[in-house]
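Shown next: start32.pdb, given as PDB, C-alpha atoms.
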ATOM      1  CA  MET G   1      83.302 137.208  88.774
ATOM      2  CA  SER G   2      86.377 139.079  90.001
ATOM      3  CA  ARG G   3      87.774 141.918  87.908
ATOM      4  CA  PRO G   4      90.747 141.116  85.671
ATOM      5  CA  GLY G   5      92.993 143.313  87.827
ATOM      6  CA  SER G   6      92.634 141.146  90.891
ATOM      7  CA  ARG G   7      92.807 137.827  89.054
ATOM      8  CA  LEU G   8      96.560 137.616  89.162
ATOM      9  CA  THR G   9      96.563 137.582  92.952
ATOM     10  CA  ASP G  10      93.401 135.491  93.176
ATOM     11  CA  THR G  11      94.814 132.110  94.076
ATOM     12  CA  LYS G  12      92.015 130.177  95.708
ATOM     13  CA  LYS G  13      93.859 127.214  97.079
ATOM     14  CA  VAL G  14      92.269 123.832  97.557
ATOM     15  CA  SER G  15      93.749 121.095  99.684
ATOM     16  CA  GLY G  16      95.850 118.776  97.569
ATOM     17  CA  GLU G  17      94.361 115.748  99.257
ATOM     18  CA  LEU G  18      90.837 116.893  98.481
ATOM     19  CA  PHE G  19      91.808 117.259  94.840
ATOM     20  CA  SER G  20      93.425 113.816  94.735
ATOM     21  CA  LEU G  21      90.420 112.199  96.381
ATOM     22  CA  THR G  22      87.993 113.983  94.052
ATOM     23  CA  TYR G  23      89.938 112.901  90.982
ATOM     24  CA  GLY G  24      90.158 109.371  92.378
ATOM     25  CA  ALA G  25      86.409 109.210  92.924
ATOM     26  CA  LEU G  26      85.928 110.433  89.359
ATOM     27  CA  VAL G  27      88.205 107.779  87.892
ATOM     28  CA  ALA G  28      86.639 105.037  90.017
ATOM     29  CA  GLN G  29      83.178 106.062  88.832
ATOM     30  CA  ILE G  30      84.183 106.139  85.166
ATOM     31  CA  VAL G  31      85.763 102.722  85.584
ATOM     32  CA  LYS G  32      82.440 101.434  86.913
ATOM     33  CA  ASP G  33      80.494 103.070  84.092
ATOM     34  CA  TYR G  34      82.568 101.782  81.178
ATOM     35  CA  GLN G  35      83.318  98.163  80.397
ATOM     36  CA  SER G  36      86.754  98.386  78.882
ATOM     37  CA  VAL G  37      89.861 100.041  80.261
ATOM     38  CA  GLU G  38      90.570 101.535  76.842
ATOM     39  CA  ASP G  39      87.247 103.390  76.940
ATOM     40  CA  VAL G  40      88.110 104.763  80.359
ATOM     41  CA  ASN G  41      91.463 105.983  79.086
ATOM     42  CA  LYS G  42      89.717 107.696  76.173
ATOM     43  CA  GLN G  43      87.177 109.373  78.461
ATOM     44  CA  LEU G  44      89.878 110.668  80.784
ATOM     45  CA  GLU G  45      91.783 112.055  77.819
ATOM     46  CA  LYS G  46      88.642 113.697  76.483
ATOM     47  CA  MET G  47      87.882 115.285  79.851
ATOM     48  CA  GLY G  48      91.432 116.523  79.975
ATOM     49  CA  TYR G  49      91.030 117.998  76.520
ATOM     50  CA  ASN G  50      87.993 119.964  77.710
ATOM     51  CA  VAL G  51      89.945 121.266  80.680
ATOM     52  CA  GLY G  52      92.898 122.184  78.462
ATOM     53  CA  VAL G  53      90.985 124.266  75.923
ATOM     54  CA  ARG G  54      89.624 126.392  78.759
ATOM     55  CA  ILE G  55      92.604 126.621  81.034
ATOM     56  CA  ILE G  56      94.868 127.966  78.286
ATOM     57  CA  GLU G  57      93.036 131.307  78.412
ATOM     58  CA  ASP G  58      93.626 131.565  82.136
ATOM     59  CA  PHE G  59      97.255 130.579  81.761
ATOM     60  CA  LEU G  60      97.948 133.157  79.066
ATOM     61  CA  ALA G  61      96.158 135.842  81.089
ATOM     62  CA  ARG G  62      98.334 135.095  84.094
ATOM     63  CA  THR G  63     101.663 134.770  82.385
ATOM     64  CA  LYS G  64     101.243 137.517  79.770
ATOM     65  CA  GLU G  65     104.105 136.223  77.652
ATOM     66  CA  GLY G  66     104.147 136.358  73.892
ATOM     67  CA  LYS G  67     104.235 133.676  71.256
ATOM     68  CA  CYS G  68     106.666 130.804  71.539
ATOM     69  CA  ALA G  69     109.461 130.973  68.998
ATOM     70  CA  ASP G  70     109.985 127.225  68.938
ATOM     71  CA  PHE G  71     108.825 123.979  70.506
ATOM     72  CA  ARG G  72     111.399 124.242  73.254
ATOM     73  CA  GLU G  73     109.755 127.390  74.520
ATOM     74  CA  THR G  74     106.425 125.605  74.382
ATOM     75  CA  ALA G  75     107.865 122.879  76.584
ATOM     76  CA  GLU G  76     108.964 125.474  79.116
ATOM     77  CA  LYS G  77     105.484 126.987  79.177
ATOM     78  CA  VAL G  78     103.912 123.572  79.751
ATOM     79  CA  GLN G  79     106.348 123.028  82.578
ATOM     80  CA  ALA G  80     105.390 126.406  84.077
ATOM     81  CA  ALA G  81     101.708 125.502  83.855
ATOM     82  CA  PHE G  82     102.255 122.360  85.926
ATOM     83  CA  LYS G  83     103.910 124.471  88.553
ATOM     84  CA  LEU G  84     101.169 127.084  88.489
ATOM     85  CA  TYR G  85      98.136 124.807  88.567
ATOM     86  CA  LEU G  86      99.257 121.631  90.252
ATOM     87  CA  ASN G  87     102.337 122.757  92.162
ATOM     88  CA  MET G  88     104.252 120.033  90.367
ATOM     89  CA  SER G  89     107.792 120.536  89.121
ATOM     90  CA  PRO G  90     108.531 118.173  86.253
ATOM     91  CA  THR G  91     111.858 118.286  84.473
ATOM     92  CA  VAL G  92     111.938 118.635  80.704
ATOM     93  CA  THR G  93     114.200 115.967  79.236
ATOM     94  CA  SER G  94     114.739 113.480  76.440
ATOM     95  CA  TRP G  95     114.493 115.820  73.506
ATOM     96  CA  SER G  96     114.371 114.050  70.173
ATOM     97  CA  ALA G  97     116.963 114.831  67.523
ATOM     98  CA  ALA G  98     114.535 117.018  65.591
ATOM     99  CA  SER G  99     113.425 118.841  68.769
ATOM    100  CA  ASP G 100     109.860 117.741  68.144
ATOM    101  CA  GLN G 101     109.410 115.409  71.112
ATOM    102  CA  PHE G 102     110.162 115.899  74.778
ATOM    103  CA  SER G 103     109.424 114.279  78.104
ATOM    104  CA  LEU G 104     108.114 115.704  81.333
ATOM    105  CA  VAL G 105     109.507 113.624  84.155
ATOM    106  CA  PHE G 106     107.798 113.651  87.543
ATOM    107  CA  GLU G 107     109.470 112.170  90.609
ATOM    108  CA  ALA G 108     106.079 111.662  92.185
ATOM    109  CA  ASN G 109     102.524 112.141  91.002
ATOM    110  CA  PRO G 110     100.437 113.908  93.652
ATOM    111  CA  ILE G 111      97.078 113.245  92.001
ATOM    112  CA  ALA G 112      97.745 109.533  92.290
ATOM    113  CA  GLU G 113      99.044 109.759  95.821
ATOM    114  CA  PHE G 114      97.009 107.015  97.470
ATOM    115  CA  VAL G 115      96.267 104.931  94.419
ATOM    116  CA  GLU G 116      97.069 101.271  93.958
ATOM    117  CA  LEU G 117      95.927  99.922  90.606
ATOM    118  CA  PRO G 118      93.952  96.676  90.935
ATOM    119  CA  ASP G 119      95.273  93.815  88.807
ATOM    120  CA  ASN G 120      92.463  93.892  86.288
ATOM    121  CA  TYR G 121      93.095  97.584  85.554
ATOM    122  CA  ALA G 122      96.772  97.228  84.793
ATOM    123  CA  ASP G 123      96.378  99.102  81.482
ATOM    124  CA  LEU G 124      94.552 102.029  83.030
ATOM    125  CA  GLN G 125      96.219 105.365  82.354
ATOM    126  CA  TYR G 126      95.144 106.867  85.639
ATOM    127  CA  SER G 127      96.425 110.379  85.011
ATOM    128  CA  ASN G 128      95.337 110.523  81.389
ATOM    129  CA  ILE G 129      93.487 113.748  82.112
ATOM    130  CA  LEU G 130      96.893 115.468  82.082
ATOM    131  CA  CYS G 131      97.625 114.219  78.563
ATOM    132  CA  GLY G 132      94.285 115.487  77.352
ATOM    133  CA  ALA G 133      94.802 118.860  79.016
ATOM    134  CA  ILE G 134      98.137 119.367  77.282
ATOM    135  CA  ARG G 135      96.649 118.404  73.927
ATOM    136  CA  GLY G 136      93.638 120.692  74.390
ATOM    137  CA  ALA G 137      95.608 123.673  75.613
ATOM    138  CA  LEU G 138      98.183 123.506  72.825
ATOM    139  CA  GLU G 139      95.529 123.002  70.179
ATOM    140  CA  MET G 140      94.013 126.342  71.168
ATOM    141  CA  VAL G 141      97.329 128.006  70.370
ATOM    142  CA  HIS G 142      97.409 126.208  67.038
ATOM    143  CA  ILE G 143      99.871 123.477  67.917
ATOM    144  CA  GLU G 144      98.722 119.923  67.411
ATOM    145  CA  VAL G 145     100.463 117.429  69.685
ATOM    146  CA  ALA G 146     100.080 113.905  70.930
ATOM    147  CA  ALA G 147     100.667 113.250  74.632
ATOM    148  CA  TRP G 148     100.940 109.934  76.430
ATOM    149  CA  PHE G 149     102.542 108.303  79.450
ATOM    150  CA  ALA G 150     105.790 106.510  78.722
ATOM    151  CA  GLN G 151     106.356 105.534  82.345
ATOM    152  CA  ASP G 152     104.076 105.499  85.374
ATOM    153  CA  ASN G 153     104.820 105.215  89.106
ATOM    154  CA  LEU G 154     101.545 103.333  89.504
ATOM    155  CA  LYS G 155     102.767 100.608  87.178
ATOM    156  CA  GLY G 156     105.982 100.042  89.062
ATOM    157  CA  ASP G 157     108.242 102.428  87.155
ATOM    158  CA  SER G 158     110.625 104.572  89.161
ATOM    159  CA  VAL G 159     109.297 107.818  87.709
ATOM    160  CA  THR G 160     106.271 109.063  85.859
ATOM    161  CA  GLU G 161     107.150 110.229  82.349
ATOM    162  CA  LEU G 162     104.750 112.130  80.108
ATOM    163  CA  ARG G 163     105.864 112.266  76.479
ATOM    164  CA  VAL G 164     104.733 115.085  74.173
ATOM    165  CA  LYS G 165     105.171 114.954  70.418
ATOM    166  CA  PHE G 166     104.697 117.808  68.017
ATOM    167  CA  ILE G 167     102.528 116.809  65.075
ATOM    168  CA  ARG G 168     101.867 120.008  63.139
ATOM    169  CA  LYS G 169     100.888 123.623  63.293
ATOM    170  CA  VAL G 170      97.150 124.072  62.920
ATOM    171  CA  GLU G 171      96.673 126.636  60.155
ATOM    172  CA  ASP G 172      92.898 127.170  60.507
ATOM    173  CA  THR G 173      91.987 129.983  62.861
ATOM    174  CA  VAL G 174      89.017 128.037  64.199
ATOM    175  CA  PRO G 175      89.783 124.483  65.320
ATOM    176  CA  ALA G 176      87.757 121.738  63.675
ATOM    177  CA  GLY G 177      86.008 120.951  66.964
ATOM    178  CA  ASP G 178      85.062 117.630  68.540
ATOM    179  CA  ASP G 179      83.700 114.999  66.198
TER     180      ASP G 179
ATOM    181  CA  LEU R   1      99.710  59.755 128.547
ATOM    182  CA  ILE R   2      96.933  62.320 128.577
ATOM    183  CA  ASN R   3      98.939  64.571 130.898
ATOM    184  CA  CYS R   4     101.832  64.265 128.523
ATOM    185  CA  LEU R   5      99.678  65.285 125.577
ATOM    186  CA  ILE R   6      98.161  68.230 127.455
ATOM    187  CA  HIS R   7     101.605  69.382 128.466
ATOM    188  CA  PHE R   8     102.852  69.154 124.900
ATOM    189  CA  TYR R   9      99.760  71.008 123.642
ATOM    190  CA  LYS R  10     100.167  73.788 126.182
ATOM    191  CA  ARG R  11     103.866  74.098 125.537
ATOM    192  CA  ASP R  12     103.192  74.452 121.864
ATOM    193  CA  PHE R  13     101.185  77.609 122.509
ATOM    194  CA  VAL R  14     102.815  79.175 125.543
ATOM    195  CA  MET R  15     106.356  79.050 124.191
ATOM    196  CA  SER R  16     105.561  80.289 120.730
ATOM    197  CA  GLY R  17     104.183  83.799 121.252
ATOM    198  CA  THR R  18     101.557  83.471 118.569
ATOM    199  CA  TYR R  19      99.423  86.360 117.381
ATOM    200  CA  TYR R  20      96.353  86.385 115.182
ATOM    201  CA  PHE R  21      95.283  89.760 113.817
ATOM    202  CA  VAL R  22      91.966  90.351 112.099
ATOM    203  CA  ILE R  23      90.185  93.463 110.873
ATOM    204  CA  VAL R  24      86.431  93.045 111.215
ATOM    205  CA  GLY R  25      84.062  95.087 109.068
ATOM    206  CA  HIS R  26      80.710  96.574 109.909
ATOM    207  CA  ASN R  27      78.941  93.411 108.798
ATOM    208  CA  ASP R  28      81.086  91.295 111.137
ATOM    209  CA  ASN R  29      82.989  90.051 108.082
ATOM    210  CA  PRO R  30      86.787  89.612 108.200
ATOM    211  CA  LEU R  31      88.501  92.135 105.920
ATOM    212  CA  PHE R  32      92.052  91.130 106.611
ATOM    213  CA  GLU R  33      93.675  88.293 108.582
ATOM    214  CA  VAL R  34      97.271  87.522 109.374
ATOM    215  CA  GLU R  35      99.125  85.357 111.881
ATOM    216  CA  PHE R  36     102.510  85.825 113.466
ATOM    217  CA  SER R  37     104.557  83.353 115.406
ATOM    218  CA  SER R  38     107.863  84.113 117.092
ATOM    219  CA  SER R  39     108.970  80.528 117.215
ATOM    220  CA  GLY R  40     109.494  80.557 113.478
ATOM    221  CA  ARG R  41     107.543  77.355 113.343
ATOM    222  CA  GLU R  42     105.292  77.055 110.308
ATOM    223  CA  VAL R  43     101.863  78.142 111.548
ATOM    224  CA  ARG R  44      99.314  75.540 110.531
ATOM    225  CA  LYS R  45      96.743  77.921 109.155
ATOM    226  CA  ASP R  46      93.956  75.416 108.604
ATOM    227  CA  ASP R  47      94.063  73.990 112.131
ATOM    228  CA  HIS R  48      93.946  77.266 113.960
ATOM    229  CA  ARG R  49      92.234  79.608 111.583
ATOM    230  CA  HIS R  50      88.673  78.402 112.306
ATOM    231  CA  LEU R  51      89.228  78.517 116.045
ATOM    232  CA  ASN R  52      90.756  81.969 115.806
ATOM    233  CA  GLN R  53      87.849  83.256 113.775
ATOM    234  CA  PHE R  54      85.436  81.783 116.292
ATOM    235  CA  ILE R  55      87.182  83.412 119.246
ATOM    236  CA  ALA R  56      87.438  86.754 117.476
ATOM    237  CA  HIS R  57      83.806  86.648 116.469
ATOM    238  CA  ALA R  58      82.687  85.746 119.975
ATOM    239  CA  ALA R  59      84.569  88.754 121.311
ATOM    240  CA  LEU R  60      82.856  91.252 119.015
ATOM    241  CA  ASP R  61      79.962  91.941 121.386
ATOM    242  CA  LEU R  62      82.390  92.714 124.180
ATOM    243  CA  VAL R  63      84.374  94.964 121.869
ATOM    244  CA  ASP R  64      81.224  96.856 120.963
ATOM    245  CA  GLU R  65      80.366  97.272 124.637
ATOM    246  CA  HIS R  66      83.842  98.539 125.520
ATOM    247  CA  MET R  67      83.778 100.846 122.536
ATOM    248  CA  LEU R  68      80.820 102.734 123.981
ATOM    249  CA  ARG R  69      82.351 103.070 127.426
ATOM    250  CA  THR R  70      85.627 104.739 126.533
ATOM    251  CA  PRO R  71      86.841 107.500 124.214
ATOM    252  CA  ASN R  72      90.056 105.583 123.594
ATOM    253  CA  MET R  73      90.702 103.755 120.368
ATOM    254  CA  TYR R  74      92.888 101.147 122.030
ATOM    255  CA  LEU R  75      90.656  98.961 124.214
ATOM    256  CA  LYS R  76      93.395  96.717 125.643
ATOM    257  CA  ILE R  77      92.291  93.214 126.636
ATOM    258  CA  VAL R  78      88.542  92.758 126.297
ATOM    259  CA  ASP R  79      88.174  88.984 126.556
ATOM    260  CA  LYS R  80      89.953  85.754 127.306
ATOM    261  CA  PHE R  81      89.431  82.282 125.882
ATOM    262  CA  ASN R  82      91.484  79.493 127.447
ATOM    263  CA  GLU R  83      95.048  80.657 126.929
ATOM    264  CA  TRP R  84      94.137  83.322 124.359
ATOM    265  CA  PHE R  85      93.817  86.985 125.242
ATOM    266  CA  VAL R  86      91.716  89.158 122.980
ATOM    267  CA  SER R  87      92.821  92.765 122.541
ATOM    268  CA  ALA R  88      90.955  95.270 120.468
ATOM    269  CA  PHE R  89      91.358  98.630 118.766
ATOM    270  CA  VAL R  90      88.529 100.589 117.186
ATOM    271  CA  THR R  91      89.042 103.076 114.363
ATOM    272  CA  ALA R  92      87.254 106.374 113.902
ATOM    273  CA  SER R  93      84.865 104.713 111.465
ATOM    274  CA  ARG R  94      84.186 101.841 113.876
ATOM    275  CA  GLN R  95      86.259  99.258 112.069
ATOM    276  CA  ARG R  96      87.410  96.761 114.684
ATOM    277  CA  PHE R  97      90.964  95.502 114.894
ATOM    278  CA  ILE R  98      91.105  92.290 116.934
ATOM    279  CA  MET R  99      94.286  90.645 118.179
ATOM    280  CA  LEU R 100      94.401  87.162 119.663
ATOM    281  CA  HIS R 101      97.570  86.545 121.596
ATOM    282  CA  ASP R 102      98.907  84.160 124.196
ATOM    283  CA  LEU R 103     101.509  86.485 125.639
ATOM    284  CA  LYS R 104     100.749  89.829 127.206
ATOM    285  CA  ASN R 105     102.564  92.402 125.105
ATOM    286  CA  GLU R 106     100.607  95.581 125.636
ATOM    287  CA  ASP R 107     103.184  98.007 124.235
ATOM    288  CA  GLY R 108     103.915  95.911 121.187
ATOM    289  CA  ILE R 109     100.268  95.324 120.417
ATOM    290  CA  LYS R 110      99.397  98.990 120.926
ATOM    291  CA  SER R 111     102.188 100.039 118.536
ATOM    292  CA  PHE R 112     101.135  97.423 116.020
ATOM    293  CA  PHE R 113      97.530  98.635 116.136
ATOM    294  CA  SER R 114      98.618 102.263 115.673
ATOM    295  CA  GLU R 115     100.792 101.508 112.680
ATOM    296  CA  MET R 116      98.141  99.294 111.100
ATOM    297  CA  TYR R 117      95.646 102.103 111.627
ATOM    298  CA  GLU R 118      97.874 104.444 109.591
ATOM    299  CA  THR R 119      98.224 101.766 106.944
ATOM    300  CA  TYR R 120      94.463 101.215 106.956
ATOM    301  CA  ILE R 121      93.809 104.937 106.474
ATOM    302  CA  LYS R 122      96.079 104.942 103.451
ATOM    303  CA  GLN R 123      94.296 101.884 102.066
ATOM    304  CA  VAL R 124      90.904 103.561 102.465
ATOM    305  CA  MET R 125      92.155 106.588 100.512
ATOM    306  CA  ASN R 126      92.656 104.378  97.464
ATOM    307  CA  PRO R 127      89.769 105.236  95.125
ATOM    308  CA  PHE R 128      89.628 101.636  93.917
ATOM    309  CA  TYR R 129      89.068 100.177  97.377
ATOM    310  CA  SER R 130      85.513  99.941  98.720
ATOM    311  CA  ILE R 131      85.082 100.116 102.485
ATOM    312  CA  ASN R 132      84.032  96.886 104.195
ATOM    313  CA  THR R 133      85.451  94.738 101.411
ATOM    314  CA  PRO R 134      88.401  92.354 101.888
ATOM    315  CA  ILE R 135      91.778  94.032 101.634
ATOM    316  CA  LYS R 136      93.832  92.359  98.930
ATOM    317  CA  SER R 137      96.612  94.902  98.582
ATOM    318  CA  VAL R 138     100.156  93.551  98.461
ATOM    319  CA  HIS R 139     101.397  96.790  99.987
ATOM    320  CA  PHE R 140      99.052  96.365 102.947
ATOM    321  CA  GLU R 141     100.163  92.770 103.541
ATOM    322  CA  LYS R 142     103.805  93.794 103.415
ATOM    323  CA  LYS R 143     103.209  96.497 105.998
ATOM    324  CA  ALA R 144     101.387  94.031 108.265
ATOM    325  CA  GLN R 145     104.280  91.568 108.004
ATOM    326  CA  PHE R 146     106.804  94.309 108.680
ATOM    327  CA  TYR R 147     105.045  95.696 111.761
ATOM    328  CA  GLY R 148     104.280  92.208 113.026
ATOM    329  CA  ARG R 149     107.975  91.385 112.985
ATOM    330  CA  LYS R 150     108.853  94.736 114.481
ATOM    331  CA  PHE R 151     106.397  94.879 117.370
ATOM    332  CA  LEU R 152     105.105  91.372 117.954
ATOM    333  CA  THR R 153     107.505  88.577 117.161
ATOM    334  CA  GLY R 154     110.751  90.530 117.184
TER     335      GLY R 154
END
Let me see the structure of the file written as structure tokens.
Amino acid sequence: MSRPGSRLTDTKKVSGELFSLTYGALVAQIVKDYQSVEDVNKQLEKMGYNVGVRIIEDFLARTKEGKCADFRETAEKVQAAFKLYLNMSPTVTSWSAASDQFSLVFEANPIAEFVELPDNYADLQYSNILCGAIRGALEMVHIEVAAWFAQDNLKGDSVTELRVKFIRKVEDTVPAGDD
Amino acid sequence: LINCLIHFYKRDFVMSGTYYFVIVGHNDNPLFEVEFSSSGREVRKDDHRHLNQFIAHAALDLVDEHMLRTPNMYLKIVDKFNEWFVSAFVTASRQRFIMLHDLKNEDGIKSFFSEMYETYIKQVMNPFYSINTPIKSVHFEKKAQFYGRKFLTG
């Protein structure tokens, strides 16, 4: 693999369309494999979780910033990660009163660019992999969150809104692991 | 009396500027069908649909022949059946767009085919759509209606 020194400039770019089509093929296959839409949503979230726990290392190596002082800083880092990995620029909005929940609002969702949800999959959370990735990445830095889609372009909403809620700080140094 | 009926029958078609568009899959199955009529008259789908399908199907062999003879996607008029012209357009993946029409409208039909090709490409990119299956997308139908009004019936 490349030496750490060159990693920061090592941006192997892949065509956005290729990525969208690959993800679409993946979702379509999972939909065929599982009977219920809920199971598909769970699988996508789980896959996202596996991506998240790995990608956090890469993100921290690239950005080299220290610990977050509060959840608001965490939100900014998540926002930066979207820009870095997916070239998406969500806005951080809708903070709760206790500053423990925020929303990432996307004008458009490039990974779902050509997708039209069939009627019988109306409850499918197509981009659930993103929710899982956020959960996995933050868990590795000892922050337990829940992430879900409050609004979705694919379901007719005007924007796509990903809501993140802080649950607790994970005190154990080693996460409990998948059960 | 018979002359009167024939005249009325002909007038019905010639004046109306009617178009029947069908996308035919690799198994000669219709994937998408739509009709346009500039007269605004309610198109009696049941009466004409079977005849239209028959004419379109009969033209497929000619379309396939033309397809091999030219590098163009737009094949112009490939067949004629009574007062119906049959125009065709073939996509890169050999999906056949057939248009039955009673008025020559080469520019309009060519534009319609091009726009529907773009729309078809977008439809194919949908991971939930399988190629060679009927197209049921509301978005696709809306586009067809829009371009039909824009380029065919005006």
Q | Residue IDs satisfying the PyMOL selection byres ((chain R) within 9 of (chain G)), as an MDAnalysis selection string | A | chainID R and resid 122:129 137 139
Q. What is the distance between CA of Phe166 (chain G) and CA of Cys131 (chain G), in Å to one decimal?
A. 13.2 Å
Q) Between CA of His101 (chain R) and CA of Ile77 (chain R), what is the spacing in Å? A)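 Distance reported for this atom pair: 9.9 Å.
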Q | Resolved residues for the PyMOL selection byres ((chain G and resi 109) around 12) as a ChimeraX atom specification | A | /G:16,20,82,86-90,104-108,110-115,126-127,130,151-154,157-162
Q | Proximity to Lys12 (chain G) - best of G:Tyr85, G:His142, G:Val78, G:Leu60, only C-alpha atoms | A |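 Answer, going by the shortest atom-to-atom distance: G:Tyr85.
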List the residues matched by the PyMOL selection byres ((chain G and resi 52) around 9) in the displayed structure as a compact mmCIF listing (two decimals) with C-alpha atoms, keeping the file's coordinate frame, ordered by chain and then by residue number.
# COMPACT_ATOMS: atom_id res chain seq x y z
CA MET G 47 87.88 115.28 79.85
CA GLY G 48 91.43 116.52 79.97
CA TYR G 49 91.03 118.00 76.52
CA ASN G 50 87.99 119.96 77.71
CA VAL G 51 89.94 121.27 80.68
CA VAL G 53 90.98 124.27 75.92
CA ARG G 54 89.62 126.39 78.76
CA ILE G 55 92.60 126.62 81.03
CA ILE G 56 94.87 127.97 78.29
CA LEU G 130 96.89 115.47 82.08
CA GLY G 132 94.28 115.49 77.35
CA ALA G 133 94.80 118.86 79.02
CA ILE G 134 98.14 119.37 77.28
CA ARG G 135 96.65 118.40 73.93
CA GLY G 136 93.64 120.69 74.39
CA ALA G 137 95.61 123.67 75.61
CA LEU G 138 98.18 123.51 72.82
CA GLU G 139 95.53 123.00 70.18
CA MET G 140 94.01 126.34 71.17
Q. Do you have the CA of Ala122 (chain G)-CA of Ala150 (chain G) distance handy?
A. 14.3 Å
Q: Could you check which of R:Leu152, R:Leu31, R:Met116, R:Val63 is closest to Thr18 (chain R), using only C-alpha atoms?
A: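 Among the listed residues, R:Leu152 lies closest to Thr18 (chain R).
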Q: May I have the protein, DNA and RNA residues with any atom at most 10 Å from the point (83.3, 89.9, 113.1), counting all atoms listed in the file, written as a list in words?
A: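 Here the neighbourhood of the point contains Val22, Ile23, Val24, Gly25, His26, Asn27, Asp28, Asn29, Pro30, Leu31, Gln53, Phe54, Ile55, Ala56, His57, Ala58, Ala59, Leu60, Asp61, Gln95, Arg96, Phe97 and Ile98 of chain R.
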Q. Which residues, written as a PyMOL selection string, have at least one atom at most 12 Å from Asp70 (chain G), with only C-alpha atoms counted and residues fewer than 5 positions away on the same chain left out?
A. chain G and resi 75-77+98-100+143+166+169
Taking all atoms of region 128-147 of chain R that the file lists and extending 6 Å past them on each side, where is the centre of the axis-aligned box and how long are its edges? Answer in Å to one decimal, as AutoDock Vina command-line options.
--center_x 95.4 --center_y 96.6 --center_z 102.8 --size_x 34.8 --size_y 22.1 --size_z 29.8
Q: Place a sphere of radius 12 Å on (83.5, 98.9, 126.8) in the file coordinates and name every protein, DNA or RNA residue with an atom inside or on its surface, counting only C-alpha atoms; give the answer as a list in words.
A: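 Protein and nucleic acid residues near the point are Ala59, Leu60, Asp61, Leu62, Val63, Asp64, Glu65, His66, Met67, Leu68, Arg69, Thr70, Pro71, Asn72, Met73, Tyr74, Leu75, Lys76, Ile77, Val78, Asp79, Ser87, Ala88, Phe89 and Val90 of chain R.
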Q) So, counting all atoms listed in the file, which residue among R:Leu100, R:Ser130, R:Ser93, R:Phe151 is closest to Arg49 (chain R)? A)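 Among R:Leu100, R:Ser130, R:Ser93, R:Phe151, it is R:Leu100 that comes nearest to Arg49 (chain R).
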Q: Tell me which of G:Asp123, G:Glu171, G:Glu65, G:Glu144 sits closest to Ser36 (chain G), counting all atoms listed in the file.
A: G:Asp123
Restore N, CA, C and O atoms in region 109-118 of chain G and list the result as a short mmCIF file (atom, residue, chain, number, x, y, z; two decimals), in the frame of the given file.
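Ended up saving to result.cif:
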data_model
loop_
_atom_site.label_atom_id
_atom_site.label_comp_id
_atom_site.auth_asym_id
_atom_site.auth_seq_id
_atom_site.Cartn_x
_atom_site.Cartn_y
_atom_site.Cartn_z
N ASN G 109 103.75 111.64 91.62
CA ASN G 109 102.52 112.14 91.00
C ASN G 109 101.48 112.39 92.08
O ASN G 109 100.82 111.46 92.52
N PRO G 110 101.32 113.64 92.51
CA PRO G 110 100.44 113.91 93.65
C PRO G 110 98.98 113.54 93.42
O PRO G 110 98.29 113.19 94.37
N ILE G 111 98.50 113.58 92.16
CA ILE G 111 97.08 113.24 92.00
C ILE G 111 96.84 111.75 92.15
O ILE G 111 95.72 111.30 92.34
N ALA G 112 97.91 110.98 92.12
CA ALA G 112 97.74 109.53 92.29
C ALA G 112 98.34 109.09 93.62
O ALA G 112 98.78 107.96 93.76
N GLU G 113 98.31 109.99 94.59
CA GLU G 113 99.04 109.76 95.82
C GLU G 113 98.67 108.47 96.55
O GLU G 113 99.51 107.77 97.04
N PHE G 114 97.41 108.17 96.66
CA PHE G 114 97.01 107.02 97.47
C PHE G 114 96.58 105.83 96.62
O PHE G 114 96.02 104.88 97.12
N VAL G 115 96.85 105.91 95.33
CA VAL G 115 96.27 104.93 94.42
C VAL G 115 97.11 103.68 94.30
O VAL G 115 98.33 103.74 94.19
N GLU G 116 96.44 102.53 94.33
CA GLU G 116 97.07 101.27 93.96
C GLU G 116 96.19 100.68 92.87
O GLU G 116 95.00 100.46 93.10
N LEU G 117 96.73 100.44 91.70
CA LEU G 117 95.93 99.92 90.61
C LEU G 117 95.58 98.46 90.85
O LEU G 117 96.47 97.65 91.08
N PRO G 118 94.29 98.10 90.83
CA PRO G 118 93.95 96.68 90.94
C PRO G 118 94.47 95.92 89.72
O PRO G 118 94.71 96.52 88.67
#
